[in-house]
file my_file.txt (compact mmCIF, C-alpha atoms and all ligand atoms)
# COMPACT_ATOMS: atom_id res chain seq x y z
CA MET A 1 28.65 -29.66 -0.06
CA TYR A 2 29.39 -30.57 3.51
CA ILE A 3 29.96 -28.90 6.84
CA LYS A 4 33.47 -29.45 8.04
CA GLU A 5 33.63 -27.66 11.33
CA LEU A 6 31.47 -25.89 13.88
CA LYS A 7 32.54 -23.49 16.60
CA LEU A 8 30.14 -22.21 19.25
CA LYS A 9 30.57 -19.71 22.05
CA ASN A 10 27.74 -19.13 24.52
CA PHE A 11 25.17 -20.51 22.13
CA ARG A 12 22.17 -22.03 24.01
CA ASN A 13 23.65 -24.54 26.47
CA TYR A 14 27.06 -24.65 24.70
CA ARG A 15 29.66 -22.51 26.43
CA ASP A 16 32.53 -23.39 24.16
CA LEU A 17 32.54 -26.03 21.45
CA THR A 18 34.74 -26.85 18.48
CA ILE A 19 33.88 -29.94 16.51
CA GLY A 20 34.72 -31.42 13.12
CA PHE A 21 32.19 -33.53 11.23
CA ASP A 22 32.14 -36.52 8.94
CA ASN A 23 31.37 -35.56 5.36
CA ARG A 24 28.66 -38.22 5.17
CA VAL A 25 26.78 -39.27 8.27
CA ASN A 26 26.82 -37.76 11.73
CA LEU A 27 24.74 -39.37 14.45
CA ILE A 28 24.09 -36.97 17.29
CA THR A 29 22.99 -38.83 20.35
CA GLY A 30 22.28 -38.11 23.99
CA ARG A 31 19.45 -38.06 26.50
CA ASN A 32 16.62 -35.51 26.35
CA ALA A 33 17.45 -31.84 26.90
CA GLN A 34 21.22 -32.25 26.49
CA GLY A 35 21.66 -30.03 23.42
CA LYS A 36 21.10 -32.18 20.31
CA THR A 37 18.55 -29.87 18.71
CA ASN A 38 20.57 -26.84 19.84
CA LEU A 39 23.50 -28.12 17.80
CA ILE A 40 21.31 -28.64 14.74
CA GLU A 41 19.85 -25.17 15.25
CA SER A 42 23.29 -23.57 15.20
CA LEU A 43 24.09 -25.25 11.88
CA TYR A 44 20.80 -24.10 10.43
CA MET A 45 21.59 -20.53 11.51
CA SER A 46 24.58 -20.53 9.17
CA SER A 47 22.32 -21.30 6.25
CA MET A 48 19.30 -19.09 6.85
CA GLY A 49 20.65 -16.50 9.28
CA ARG A 50 17.82 -17.33 11.64
CA SER A 51 16.47 -20.16 13.74
CA PHE A 52 13.82 -22.68 12.78
CA ARG A 53 12.62 -22.66 16.39
CA THR A 54 12.42 -19.05 17.44
CA GLY A 55 12.08 -15.59 15.94
CA HIS A 56 13.86 -14.12 18.96
CA ASP A 57 17.60 -14.30 18.46
CA ASN A 58 18.20 -13.43 22.12
CA GLU A 59 16.81 -16.77 23.21
CA MET A 60 19.83 -18.44 21.66
CA ILE A 61 22.33 -16.65 23.87
CA LEU A 62 23.46 -18.73 26.85
CA PHE A 63 21.47 -17.67 29.92
CA GLY A 64 23.31 -14.91 31.79
CA GLU A 65 25.60 -13.97 28.88
CA ASP A 66 25.20 -11.00 26.56
CA SER A 67 26.38 -12.46 23.28
CA ALA A 68 26.74 -15.70 21.35
CA TYR A 69 28.99 -16.67 18.47
CA ILE A 70 28.63 -19.31 15.74
CA LYS A 71 31.19 -20.20 13.12
CA VAL A 72 30.52 -22.79 10.43
CA THR A 73 33.06 -23.90 7.84
CA ALA A 74 31.72 -25.73 4.81
CA GLU A 75 33.38 -27.34 1.81
CA LYS A 76 31.94 -27.22 -1.68
CA GLU A 77 33.35 -29.01 -4.68
CA TYR A 78 35.91 -26.34 -5.56
CA THR A 79 35.69 -23.83 -2.76
CA SER A 80 35.33 -23.60 0.95
CA THR A 81 33.25 -21.05 2.78
CA LYS A 82 33.00 -19.73 6.30
CA VAL A 83 29.98 -18.13 7.95
CA GLU A 84 30.18 -16.34 11.28
CA ILE A 85 27.24 -15.03 13.27
CA LEU A 86 27.41 -12.85 16.33
CA LEU A 87 24.23 -12.53 18.39
CA SER A 88 24.13 -9.81 20.97
CA ASP A 89 21.38 -8.71 23.31
CA LYS A 90 22.22 -5.06 22.75
CA SER A 91 22.62 -4.78 18.98
CA LYS A 92 21.40 -6.41 15.80
CA LYS A 93 22.99 -9.70 14.84
CA ALA A 94 26.09 -9.45 12.70
CA ILE A 95 26.75 -11.96 9.94
CA LYS A 96 30.00 -12.44 8.08
CA LYS A 97 30.72 -14.57 5.07
CA ASP A 98 34.38 -15.33 4.45
CA GLY A 99 35.29 -12.41 6.67
CA ASN A 100 33.06 -9.84 4.94
CA THR A 101 30.02 -8.38 6.62
CA ILE A 102 26.74 -9.32 5.03
CA ARG A 103 24.23 -6.50 4.99
CA ARG A 104 21.20 -8.23 3.54
CA SER A 105 20.07 -11.69 4.64
CA ALA A 106 19.43 -12.48 0.97
CA ASP A 107 23.19 -12.56 0.39
CA LEU A 108 23.59 -15.39 2.87
CA LEU A 109 20.94 -17.69 1.51
CA ASP A 110 22.61 -19.39 -1.44
CA ASN A 111 25.81 -19.99 0.45
CA ILE A 112 25.53 -23.00 2.77
CA ILE A 113 22.43 -24.89 1.74
CA ILE A 114 20.77 -26.78 4.56
CA VAL A 115 17.44 -28.54 4.65
CA ILE A 116 15.88 -29.53 7.93
CA PHE A 117 13.46 -32.40 8.34
CA SER A 118 11.67 -32.66 11.67
CA PRO A 119 8.50 -34.37 12.92
CA ASP A 120 6.82 -31.04 12.29
CA ASP A 121 7.49 -31.39 8.55
CA LEU A 122 5.67 -34.72 8.55
CA ARG A 123 2.55 -32.77 9.41
CA ILE A 124 2.80 -30.29 6.56
CA VAL A 125 -0.04 -31.89 4.61
CA LYS A 126 -2.43 -31.67 7.55
CA ASP A 127 -1.33 -28.33 8.99
CA GLU A 128 -2.72 -24.86 8.34
CA PRO A 129 -1.97 -23.07 5.01
CA GLU A 130 0.51 -20.82 6.77
CA LYS A 131 2.88 -23.77 7.19
CA ARG A 132 2.77 -24.54 3.48
CA ARG A 133 3.30 -20.91 2.57
CA ARG A 134 6.31 -20.84 4.83
CA PHE A 135 7.60 -23.93 3.06
CA MET A 136 7.28 -22.26 -0.35
CA ASP A 137 8.87 -19.05 0.86
CA ARG A 138 11.79 -20.75 2.55
CA GLU A 139 12.57 -23.07 -0.34
CA LEU A 140 12.22 -20.44 -3.01
CA SER A 141 14.46 -18.11 -1.01
CA GLN A 142 17.15 -20.78 -0.98
CA ILE A 143 17.07 -21.66 -4.64
CA LYS A 144 16.13 -18.27 -6.12
CA PRO A 145 17.90 -15.49 -4.24
CA ALA A 146 15.76 -12.86 -6.05
CA TYR A 147 12.66 -14.35 -4.48
CA PHE A 148 13.62 -13.44 -0.93
CA ASP A 149 13.95 -9.80 -1.90
CA ILE A 150 10.55 -9.73 -3.58
CA TYR A 151 9.02 -11.54 -0.64
CA MET A 152 10.44 -9.03 1.85
CA ARG A 153 9.14 -6.10 -0.21
CA TYR A 154 5.70 -7.66 -0.39
CA ARG A 155 5.69 -8.29 3.37
CA ARG A 156 6.71 -4.71 4.09
CA ALA A 157 3.94 -3.27 1.91
CA LEU A 158 1.45 -5.65 3.54
CA THR A 159 2.49 -4.84 7.10
CA GLU A 160 2.38 -1.10 6.46
CA ARG A 161 -1.00 -1.34 4.74
CA ASN A 162 -2.44 -3.36 7.62
CA THR A 163 -1.10 -0.91 10.19
CA TYR A 164 -2.60 1.98 8.26
CA LEU A 165 -5.96 0.20 7.88
CA LYS A 166 -6.24 0.14 11.66
CA GLU A 167 -6.05 3.93 11.96
CA ASP A 168 -9.19 5.95 12.71
CA SER A 169 -9.52 7.67 9.37
CA VAL A 170 -8.22 5.97 6.26
CA LYS A 171 -7.48 7.93 3.08
CA GLU A 172 -7.94 5.93 -0.11
CA SER A 173 -5.09 7.79 -1.81
CA MET A 174 -2.75 6.46 0.87
CA LEU A 175 -3.96 2.92 0.33
CA ASP A 176 -3.10 3.28 -3.35
CA ILE A 177 0.56 3.60 -2.45
CA TRP A 178 0.69 0.26 -0.65
CA ASP A 179 -1.56 -1.37 -3.19
CA ASP A 180 1.05 -0.56 -5.83
CA GLY A 181 3.62 -2.56 -3.88
CA LEU A 182 1.27 -5.47 -3.26
CA ILE A 183 0.37 -5.60 -6.94
CA ARG A 184 3.88 -5.40 -8.26
CA TYR A 185 5.58 -7.82 -5.87
CA GLY A 186 2.51 -10.00 -5.45
CA ALA A 187 2.39 -10.79 -9.16
CA LEU A 188 6.05 -11.84 -9.07
CA LEU A 189 5.54 -13.99 -5.97
CA MET A 190 2.70 -15.79 -7.69
CA LYS A 191 4.77 -16.46 -10.79
CA TYR A 192 7.63 -17.96 -8.78
CA ARG A 193 5.29 -20.02 -6.63
CA SER A 194 3.30 -21.44 -9.47
CA GLU A 195 6.45 -22.58 -11.31
CA PHE A 196 7.91 -23.96 -8.10
CA ILE A 197 4.83 -26.04 -7.31
CA LYS A 198 4.75 -27.35 -10.86
CA ASP A 199 8.38 -28.51 -10.61
CA MET A 200 7.87 -29.92 -7.14
CA SER A 201 4.78 -31.77 -8.32
CA ASP A 202 6.72 -33.57 -11.06
CA ILE A 203 9.61 -34.51 -8.80
CA SER A 204 7.61 -35.50 -5.73
CA GLY A 205 5.19 -37.42 -7.94
CA ASN A 206 8.06 -39.59 -9.17
CA ILE A 207 9.40 -40.10 -5.68
CA HIS A 208 5.99 -40.91 -4.23
CA SER A 209 5.36 -43.43 -6.95
CA SER A 210 8.59 -45.18 -6.14
CA VAL A 211 7.96 -45.15 -2.35
CA THR A 212 4.58 -46.78 -2.95
CA ASN A 213 5.85 -49.21 -5.60
CA GLY A 214 3.81 -47.48 -8.28
CA LYS A 215 0.56 -47.83 -6.38
CA GLU A 216 -0.16 -44.14 -5.86
CA ASN A 217 0.03 -41.00 -7.97
CA LEU A 218 0.85 -37.83 -6.06
CA THR A 219 0.40 -34.38 -7.56
CA LEU A 220 0.78 -30.97 -5.98
CA ARG A 221 -1.49 -28.14 -6.93
CA TYR A 222 -0.91 -24.45 -6.36
CA VAL A 223 -3.99 -22.92 -4.73
CA PRO A 224 -3.58 -19.17 -5.20
CA ASN A 225 -5.81 -16.71 -3.39
CA VAL A 226 -6.08 -14.58 -6.52
CA GLN A 227 -6.88 -16.05 -9.92
CA ILE A 228 -3.68 -17.05 -11.71
CA ALA A 229 -2.76 -15.41 -15.03
CA GLY A 230 -0.46 -16.43 -17.85
CA ASP A 231 1.71 -13.31 -17.76
CA ILE A 232 2.87 -10.75 -15.22
CA LYS A 233 0.88 -7.83 -16.58
CA THR A 234 -2.42 -9.69 -16.44
CA GLN A 235 -1.48 -11.03 -13.02
CA GLU A 236 -1.01 -7.48 -11.77
CA GLU A 237 -4.42 -6.57 -13.15
CA PHE A 238 -6.01 -9.53 -11.36
CA ILE A 239 -4.49 -8.55 -8.02
CA GLU A 240 -5.44 -4.92 -8.55
CA ARG A 241 -9.02 -5.94 -9.28
CA GLU A 242 -9.25 -8.10 -6.15
CA LEU A 243 -7.76 -5.43 -3.92
CA ALA A 244 -10.21 -2.87 -5.27
CA ALA A 245 -13.16 -5.21 -4.77
CA ALA A 246 -12.12 -5.94 -1.19
CA ARG A 247 -11.14 -2.39 -0.24
CA GLU A 248 -14.30 -1.43 1.56
CA ARG A 249 -14.24 -4.60 3.60
CA ASP A 250 -10.52 -4.17 4.32
CA ILE A 251 -11.15 -0.68 5.71
CA ARG A 252 -13.96 -2.04 7.86
CA THR A 253 -12.03 -5.02 9.21
CA GLY A 254 -8.64 -3.33 9.38
CA THR A 255 -6.76 -6.00 7.46
CA THR A 256 -5.84 -6.98 3.90
CA SER A 257 -8.06 -9.87 2.90
CA LYS A 258 -6.87 -10.67 -0.62
CA GLY A 259 -3.48 -11.50 -2.08
CA PRO A 260 -0.71 -14.13 -2.19
CA HIS A 261 -0.25 -13.86 1.59
CA LYS A 262 -3.32 -16.15 1.64
CA ASP A 263 -1.99 -18.66 -0.91
CA ASP A 264 -1.84 -22.38 -0.32
CA PHE A 265 -0.97 -25.58 -2.15
CA SER A 266 -2.61 -28.96 -1.96
CA PHE A 267 -1.57 -32.60 -2.18
CA GLU A 268 -3.64 -34.95 -4.28
CA ILE A 269 -3.35 -38.71 -4.56
CA ASP A 270 -5.12 -40.07 -7.61
CA GLY A 271 -7.13 -36.86 -7.72
CA ILE A 272 -8.24 -37.01 -4.09
CA ASN A 273 -7.29 -34.29 -1.61
CA VAL A 274 -4.87 -35.85 0.87
CA ARG A 275 -5.45 -33.23 3.56
CA SER A 276 -9.15 -34.01 3.79
CA PHE A 277 -9.33 -37.64 2.76
CA GLY A 278 -5.87 -39.18 2.97
CA SER A 279 -4.92 -41.72 5.61
CA GLN A 280 -2.25 -40.73 8.11
CA GLY A 281 0.19 -42.98 6.25
CA GLN A 282 -0.57 -41.27 2.94
CA GLN A 283 -0.10 -37.88 4.55
CA ARG A 284 3.28 -38.89 5.92
CA THR A 285 4.44 -40.46 2.68
CA SER A 286 3.38 -37.32 0.81
CA ALA A 287 5.37 -35.19 3.24
CA LEU A 288 8.41 -37.43 2.84
CA SER A 289 8.11 -37.23 -0.96
CA LEU A 290 7.90 -33.46 -0.74
CA LYS A 291 11.01 -33.26 1.41
CA LEU A 292 13.02 -35.51 -0.90
CA ALA A 293 11.78 -33.52 -3.89
CA GLU A 294 13.09 -30.40 -2.22
CA LEU A 295 16.59 -31.91 -2.11
CA GLU A 296 16.33 -32.93 -5.75
CA LEU A 297 15.21 -29.47 -6.84
CA ILE A 298 18.07 -27.86 -4.94
CA ARG A 299 20.48 -30.22 -6.69
CA ARG A 300 18.99 -29.30 -10.05
CA ASP A 301 18.88 -25.56 -9.50
CA THR A 302 22.13 -25.01 -7.63
CA GLY A 303 24.23 -28.02 -8.61
CA GLU A 304 24.84 -28.71 -4.91
CA ASN A 305 23.79 -31.46 -2.56
CA ALA A 306 22.15 -29.81 0.41
CA VAL A 307 23.15 -30.75 3.93
CA LEU A 308 20.23 -32.51 5.58
CA LEU A 309 19.35 -32.17 9.25
CA LEU A 310 17.08 -34.93 10.55
CA ASP A 311 15.89 -33.88 13.98
CA ASP A 312 14.11 -36.75 15.75
CA VAL A 313 12.53 -37.81 12.49
CA MET A 314 13.86 -41.35 12.14
CA SER A 315 11.90 -42.63 15.12
CA GLU A 316 8.70 -41.24 13.59
CA LEU A 317 8.97 -43.20 10.35
CA ASP A 318 8.03 -46.82 9.93
CA PRO A 319 10.83 -49.19 8.81
CA GLU A 320 9.80 -49.10 5.16
CA ARG A 321 9.82 -45.33 4.80
CA ARG A 322 12.95 -45.10 6.89
CA GLU A 323 14.72 -47.52 4.52
CA TYR A 324 13.59 -45.46 1.58
CA LEU A 325 14.83 -42.25 3.14
CA ILE A 326 18.21 -43.76 3.96
CA ARG A 327 18.60 -45.10 0.43
CA SER A 328 17.70 -41.74 -1.11
CA LEU A 329 20.32 -39.82 0.79
CA SER A 330 23.48 -41.47 -0.42
CA ASP A 331 24.96 -38.21 -1.73
CA ASN A 332 24.09 -35.79 1.05
CA GLN A 333 25.85 -35.05 4.26
CA ILE A 334 23.38 -35.83 7.01
CA PHE A 335 23.03 -35.06 10.69
CA ILE A 336 20.69 -37.33 12.58
CA THR A 337 19.66 -36.63 16.16
CA THR A 338 18.34 -39.49 18.21
CA THR A 339 18.10 -40.40 21.88
CA ASP A 340 19.24 -43.94 21.16
CA ILE A 341 21.14 -45.37 18.24
CA ASP A 342 19.30 -48.52 17.35
CA ASP A 343 20.48 -51.47 15.26
CA SER A 344 18.84 -50.33 12.07
CA LEU A 345 20.75 -47.04 12.14
CA MET A 346 24.04 -48.81 12.87
CA ARG A 347 23.39 -51.25 10.05
CA ALA A 348 22.53 -48.44 7.65
CA TYR A 349 25.51 -46.32 8.65
CA PRO A 350 28.34 -48.49 9.96
CA ASP A 351 30.91 -45.75 9.23
CA ALA A 352 28.97 -42.88 10.75
CA MET A 353 30.59 -40.48 13.15
CA ILE A 354 28.88 -40.77 16.52
CA ILE A 355 28.67 -37.59 18.55
CA LYS A 356 27.51 -38.01 22.11
CA ILE A 357 26.16 -34.89 23.78
CA GLU A 358 25.82 -34.33 27.50
CA ASP A 359 24.82 -31.01 29.02
CA GLY A 360 26.14 -28.90 26.14
CA LYS A 361 29.39 -30.84 25.78
CA VAL A 362 30.62 -33.54 23.46
CA VAL A 363 31.66 -36.49 25.59
N1 LIG B 1 19.64 -19.75 25.89
C1 LIG B 1 19.91 -20.87 26.56
N2 LIG B 1 20.91 -20.90 27.47
C2 LIG B 1 21.19 -22.04 28.16
N3 LIG B 1 20.52 -23.19 28.01
C3 LIG B 1 19.53 -23.21 27.10
C4 LIG B 1 19.18 -22.08 26.34
N4 LIG B 1 18.14 -22.40 25.52
C5 LIG B 1 17.86 -23.69 25.80
N5 LIG B 1 18.70 -24.18 26.74
C6 LIG B 1 18.71 -25.52 27.30
O1 LIG B 1 18.95 -26.48 26.29
C7 LIG B 1 18.30 -27.69 26.63
C8 LIG B 1 17.51 -28.23 25.47
O2 LIG B 1 18.36 -28.56 24.45
P1 LIG B 1 17.85 -29.30 23.15
O3 LIG B 1 16.54 -28.76 22.74
O4 LIG B 1 18.97 -29.24 22.20
O5 LIG B 1 17.63 -30.77 23.72
P2 LIG B 1 17.69 -32.15 22.94
O6 LIG B 1 18.98 -32.81 23.28
O7 LIG B 1 17.38 -31.94 21.52
O8 LIG B 1 16.52 -32.91 23.69
P3 LIG B 1 15.33 -33.82 23.11
O9 LIG B 1 15.90 -35.20 22.99
O10 LIG B 1 14.33 -33.74 24.20
O11 LIG B 1 14.87 -33.23 21.83
C9 LIG B 1 17.35 -27.41 27.78
O12 LIG B 1 17.87 -27.98 28.94
C10 LIG B 1 17.34 -25.90 27.88
O13 LIG B 1 17.22 -25.45 29.18
MG MG B 2 15.65 -32.20 20.38

call {"tool": "encode", "arguments": {"input": "my_file.txt", "output": "structure tokens"}}
result
Amino acid sequence: MYIKELKLKNFRNYRDLTIGFDNRVNLITGRNAQGKTNLIESLYMSSMGRSFRTGHDNEMILFGEDSAYIKVTAEKEYTSTKVEILLSDKSKKAIKKDGNTIRRSADLLDNIIIVIFSPDDLRIVKDEPEKRRRFMDRELSQIKPAYFDIYMRYRRALTERNTYLKEDSVKESMLDIWDDGLIRYGALLMKYRSEFIKDMSDISGNIHSSVTNGKENLTLRYVPNVQIAGDIKTQEEFIERELAAARERDIRTGTTSKGPHKDDFSFEIDGINVRSFGSQGQQRTSALSLKLAELELIRRDTGENAVLLLDDVMSELDPERREYLIRSLSDNQIFITTTDIDDSLMRAYPDAMIIKIEDGKVV
């Protein structure tokens, strides 16, 4: 799939923009703070319904205005699709797909599939578990629309349980109600995650091996917070057991200490944990392999080539990894932001569309 056109009104530093894109490579260039990432952010909004930079939609409205509008038109093999988002500082954001209002964010997710790759993603191996959980949740939401729903239900039960745990007197019978939700949705989350990491391990292992000319073996391992079971019913029992064992402590500390909201996954090269023992180069290559595996899995599960947004990432890769990345992306539409278009980019993409941004305008 590819993004054909973007329209913005009062979005960040863009007052009014209409722009068509190349179906292969778009190089977005301009000095610092001109609006390159803002443009990427608006595209991403059409895929996920929210920003990768902020949880506050209001921040994306042009200073001094009270609403912002984004319209993205994308082409798939046999169909075209249009997503419109209206952000307003007075009401909830409104999202439309092909003219029809979308009520649940889950219904947006499998529509325009966008993957973003930023310098931040290169740190995923080294970062805190929360980053890796977010990766699993985001990817699974894109490829398995049912996942997002389960995830949201789990989150709701968790938030409500934690709020209740902070009250002065806690009734165990009330905790049972939220525990039921955590058990039911938690077991499903774990099943999806464990299959996902297994698939991602196979694919990223192959990619990593080819980036390193067969020198290194990368595997990913799911590190669940609750012991993993072979079937859903046993999984529910395991979570129930852990919640019961931790209940007294949870009441004392006012928070839920056990469950998939504490999950993680690890990267191992030839059996050695990359987070603790890997070199910086190995950590970056592992992150790159993971990102490329994500595109491959999307292709396999949805039959579509995701649109890839590369925000400032090219300059962070050494020539070898950069070459590899460029070679791997021959079927995806890509948007690359960069402050200067160097020779290697021009050589790699002689036919690219070059979009120069200055102060929220294409010049
Ligand atoms: N809500 C908003 N309204 C108006 N301007 C905004 C808003 N939010 C951010 N900006 C402006 O957008 C600019 C930053 O844009 P952006 O992050 O896209 O820069 P960039 O071109 O990616 O720069 P860099 O090369 O440094 O990454 C800043 O000047 C900031 O003040
Ligand atoms: Mg930027």

call {"tool": "residues_near_point", "arguments": {"input": "my_file.txt", "point": "(-6.9, -33.4, -1.0)", "cutoff": "10 Å", "atoms": "all atoms listed in the file", "output": "list in words"}}
result
Val125, Lys126, Thr219, Leu220, Arg221, Phe265, Ser266, Phe267, Glu268, Ile269, Asp270, Gly271, Ile272, Asn273, Val274, Arg275, Ser276, Phe277, Gly278 and Gln283 of chain A

call {"tool": "write_last_selection", "arguments": {"input": "my_file.txt", "atoms": "C-alpha atoms", "output": "PDB file, in the frame of the given file"}}
result
ATOM      1  CA  VAL A 125      -0.040 -31.890   4.610  1.00  0.00           C
ATOM      2  CA  LYS A 126      -2.430 -31.670   7.550  1.00  0.00           C
ATOM      3  CA  THR A 219       0.400 -34.380  -7.560  1.00  0.00           C
ATOM      4  CA  LEU A 220       0.780 -30.970  -5.980  1.00  0.00           C
ATOM      5  CA  ARG A 221      -1.490 -28.140  -6.930  1.00  0.00           C
ATOM      6  CA  PHE A 265      -0.970 -25.580  -2.150  1.00  0.00           C
ATOM      7  CA  SER A 266      -2.610 -28.960  -1.960  1.00  0.00           C
ATOM      8  CA  PHE A 267      -1.570 -32.600  -2.180  1.00  0.00           C
ATOM      9  CA  GLU A 268      -3.640 -34.950  -4.280  1.00  0.00           C
ATOM     10  CA  ILE A 269      -3.350 -38.710  -4.560  1.00  0.00           C
ATOM     11  CA  ASP A 270      -5.120 -40.070  -7.610  1.00  0.00           C
ATOM     12  CA  GLY A 271      -7.130 -36.860  -7.720  1.00  0.00           C
ATOM     13  CA  ILE A 272      -8.240 -37.010  -4.090  1.00  0.00           C
ATOM     14  CA  ASN A 273      -7.290 -34.290  -1.610  1.00  0.00           C
ATOM     15  CA  VAL A 274      -4.870 -35.850   0.870  1.00  0.00           C
ATOM     16  CA  ARG A 275      -5.450 -33.230   3.560  1.00  0.00           C
ATOM     17  CA  SER A 276      -9.150 -34.010   3.790  1.00  0.00           C
ATOM     18  CA  PHE A 277      -9.330 -37.640   2.760  1.00  0.00           C
ATOM     19  CA  GLY A 278      -5.870 -39.180   2.970  1.00  0.00           C
ATOM     20  CA  GLN A 283      -0.100 -37.880   4.550  1.00  0.00           C
TER      21      GLN A 283
END

call {"tool": "residues_near_ligand", "arguments": {"input": "my_file.txt", "ligand": "ligand MG 2 (chain B)", "cutoff": "12 Å", "atoms": "all atoms listed in the file", "output": "ChimeraX atom specification"}}
result
/A:28-41,53,118-119,309-313,336-339,357

call {"tool": "residues_around", "arguments": {"input": "my_file.txt", "residues": "Ile114 of chain A", "least_positions_apart": "6", "cutoff": "10 Å", "atoms": "all atoms listed in the file", "output": "PDB file with C-alpha atoms, keeping the file's coordinate frame"}}
result
ATOM      1  CA  MET A   1      28.650 -29.660  -0.060  1.00  0.00           C
ATOM      2  CA  TYR A   2      29.390 -30.570   3.510  1.00  0.00           C
ATOM      3  CA  ILE A   3      29.960 -28.900   6.840  1.00  0.00           C
ATOM      4  CA  LEU A  43      24.090 -25.250  11.880  1.00  0.00           C
ATOM      5  CA  TYR A  44      20.800 -24.100  10.430  1.00  0.00           C
ATOM      6  CA  MET A  45      21.590 -20.530  11.510  1.00  0.00           C
ATOM      7  CA  SER A  46      24.580 -20.530   9.170  1.00  0.00           C
ATOM      8  CA  SER A  47      22.320 -21.300   6.250  1.00  0.00           C
ATOM      9  CA  MET A  48      19.300 -19.090   6.850  1.00  0.00           C
ATOM     10  CA  GLN A 142      17.150 -20.780  -0.980  1.00  0.00           C
ATOM     11  CA  LEU A 295      16.590 -31.910  -2.110  1.00  0.00           C
ATOM     12  CA  ILE A 298      18.070 -27.860  -4.940  1.00  0.00           C
ATOM     13  CA  ASN A 305      23.790 -31.460  -2.560  1.00  0.00           C
ATOM     14  CA  ALA A 306      22.150 -29.810   0.410  1.00  0.00           C
ATOM     15  CA  VAL A 307      23.150 -30.750   3.930  1.00  0.00           C
ATOM     16  CA  LEU A 308      20.230 -32.510   5.580  1.00  0.00           C
ATOM     17  CA  LEU A 309      19.350 -32.170   9.250  1.00  0.00           C
ATOM     18  CA  GLN A 333      25.850 -35.050   4.260  1.00  0.00           C
ATOM     19  CA  ILE A 334      23.380 -35.830   7.010  1.00  0.00           C
TER      20      ILE A 334
END

call {"tool": "atom_distance", "arguments": {"input": "my_file.txt", "atom1": "atom CA of Trp178 of chain A", "atom2": "atom CA of Thr255 of chain A"}}
result
12.7 Å

call {"tool": "atom_distance", "arguments": {"input": "my_file.txt", "atom1": "atom C5 of ligand LIG 1 (chain B)", "atom2": "atom CA of Thr54 of chain A"}}
result
11.0 Å

call {"tool": "atom_distance", "arguments": {"input": "my_file.txt", "atom1": "atom C5 of ligand LIG 1 (chain B)", "atom2": "atom CA of Asp340 of chain A"}}
result
20.8 Å

call {"tool": "closest_residue", "arguments": {"input": "my_file.txt", "among": "A:Lys262, A:Lys198, A:Arg322, A:Lys171", "to": "Arg133 of chain A", "atoms": "all atoms listed in the file"}}
result
A:Lys262

call {"tool": "closest_residue", "arguments": {"input": "my_file.txt", "among": "A:Ala74, A:Ile354, A:Leu317, A:Leu87", "to": "ligand LIG 1 (chain B)", "atoms": "all atoms listed in the file"}}
result
A:Leu87

call {"tool": "residues_around", "arguments": {"input": "my_file.txt", "residues": "Arg153 of chain A", "least_positions_apart": "4", "cutoff": "9 Å", "atoms": "only C-alpha atoms", "output": "JSON, numbers by chain"}}
result
{"A": [148, 149, 157, 158, 181, 182, 185]}

call {"tool": "closest_residue", "arguments": {"input": "my_file.txt", "among": "A:Arg24, A:Lys82, A:Lys131, A:Arg12", "to": "Phe335 of chain A", "atoms": "all atoms listed in the file"}}
result
A:Arg24

call {"tool": "residues_around", "arguments": {"input": "my_file.txt", "residues": "Asp264 of chain A", "least_positions_apart": "3", "cutoff": "8 Å", "atoms": "all atoms listed in the file", "output": "number ranges by chain"}}
result
A: 129-130, 132-133, 222-225

call {"tool": "write_last_selection", "arguments": {"input": "my_file.txt", "atoms": "C-alpha atoms", "output": "mmCIF file, keeping the file's coordinate frame"}}
result
data_model
loop_
_atom_site.group_PDB
_atom_site.id
_atom_site.type_symbol
_atom_site.label_atom_id
_atom_site.label_comp_id
_atom_site.auth_asym_id
_atom_site.auth_seq_id
_atom_site.Cartn_x
_atom_site.Cartn_y
_atom_site.Cartn_z
ATOM 1 C CA PRO A 129 -1.970 -23.070 5.010
ATOM 2 C CA GLU A 130 0.510 -20.820 6.770
ATOM 3 C CA ARG A 132 2.770 -24.540 3.480
ATOM 4 C CA ARG A 133 3.300 -20.910 2.570
ATOM 5 C CA TYR A 222 -0.910 -24.450 -6.360
ATOM 6 C CA VAL A 223 -3.990 -22.920 -4.730
ATOM 7 C CA PRO A 224 -3.580 -19.170 -5.200
ATOM 8 C CA ASN A 225 -5.810 -16.710 -3.390
#

call {"tool": "closest_residue", "arguments": {"input": "my_file.txt", "among": "A:Leu62, A:Leu165, A:Ile232, A:Leu122", "to": "ligand LIG 1 (chain B)", "atoms": "all atoms listed in the file"}}
result
A:Leu62

call {"tool": "closest_residue", "arguments": {"input": "my_file.txt", "among": "A:Glu75, A:Glu167, A:Asp121, A:Glu65", "to": "Leu292 of chain A", "atoms": "only C-alpha atoms"}}
result
A:Asp121

call {"tool": "closest_residue", "arguments": {"input": "my_file.txt", "among": "A:Asn26, A:Ser279, A:Ser315, A:Ser328", "to": "ligand LIG 1 (chain B)", "atoms": "all atoms listed in the file"}}
result
A:Ser315

call {"tool": "residues_around", "arguments": {"input": "my_file.txt", "residues": "segment 202-215 of chain A", "least_positions_apart": "3", "cutoff": "9 Å", "atoms": "all atoms listed in the file", "output": "ChimeraX atom specification"}}
result
/A:197-199,218-220,285-286,288-294,296-297,320-321,324

call {"tool": "axis_aligned_box", "arguments": {"input": "my_file.txt", "around": "segment 213-226 of chain A", "padding_each_side": "5 Å", "output": "lines of an AutoDock Vina configuration file"}}
result
center_x = -0.1
center_y = -31.9
center_z = -5.8
size_x = 21.9
size_y = 44.6
size_z = 14.9
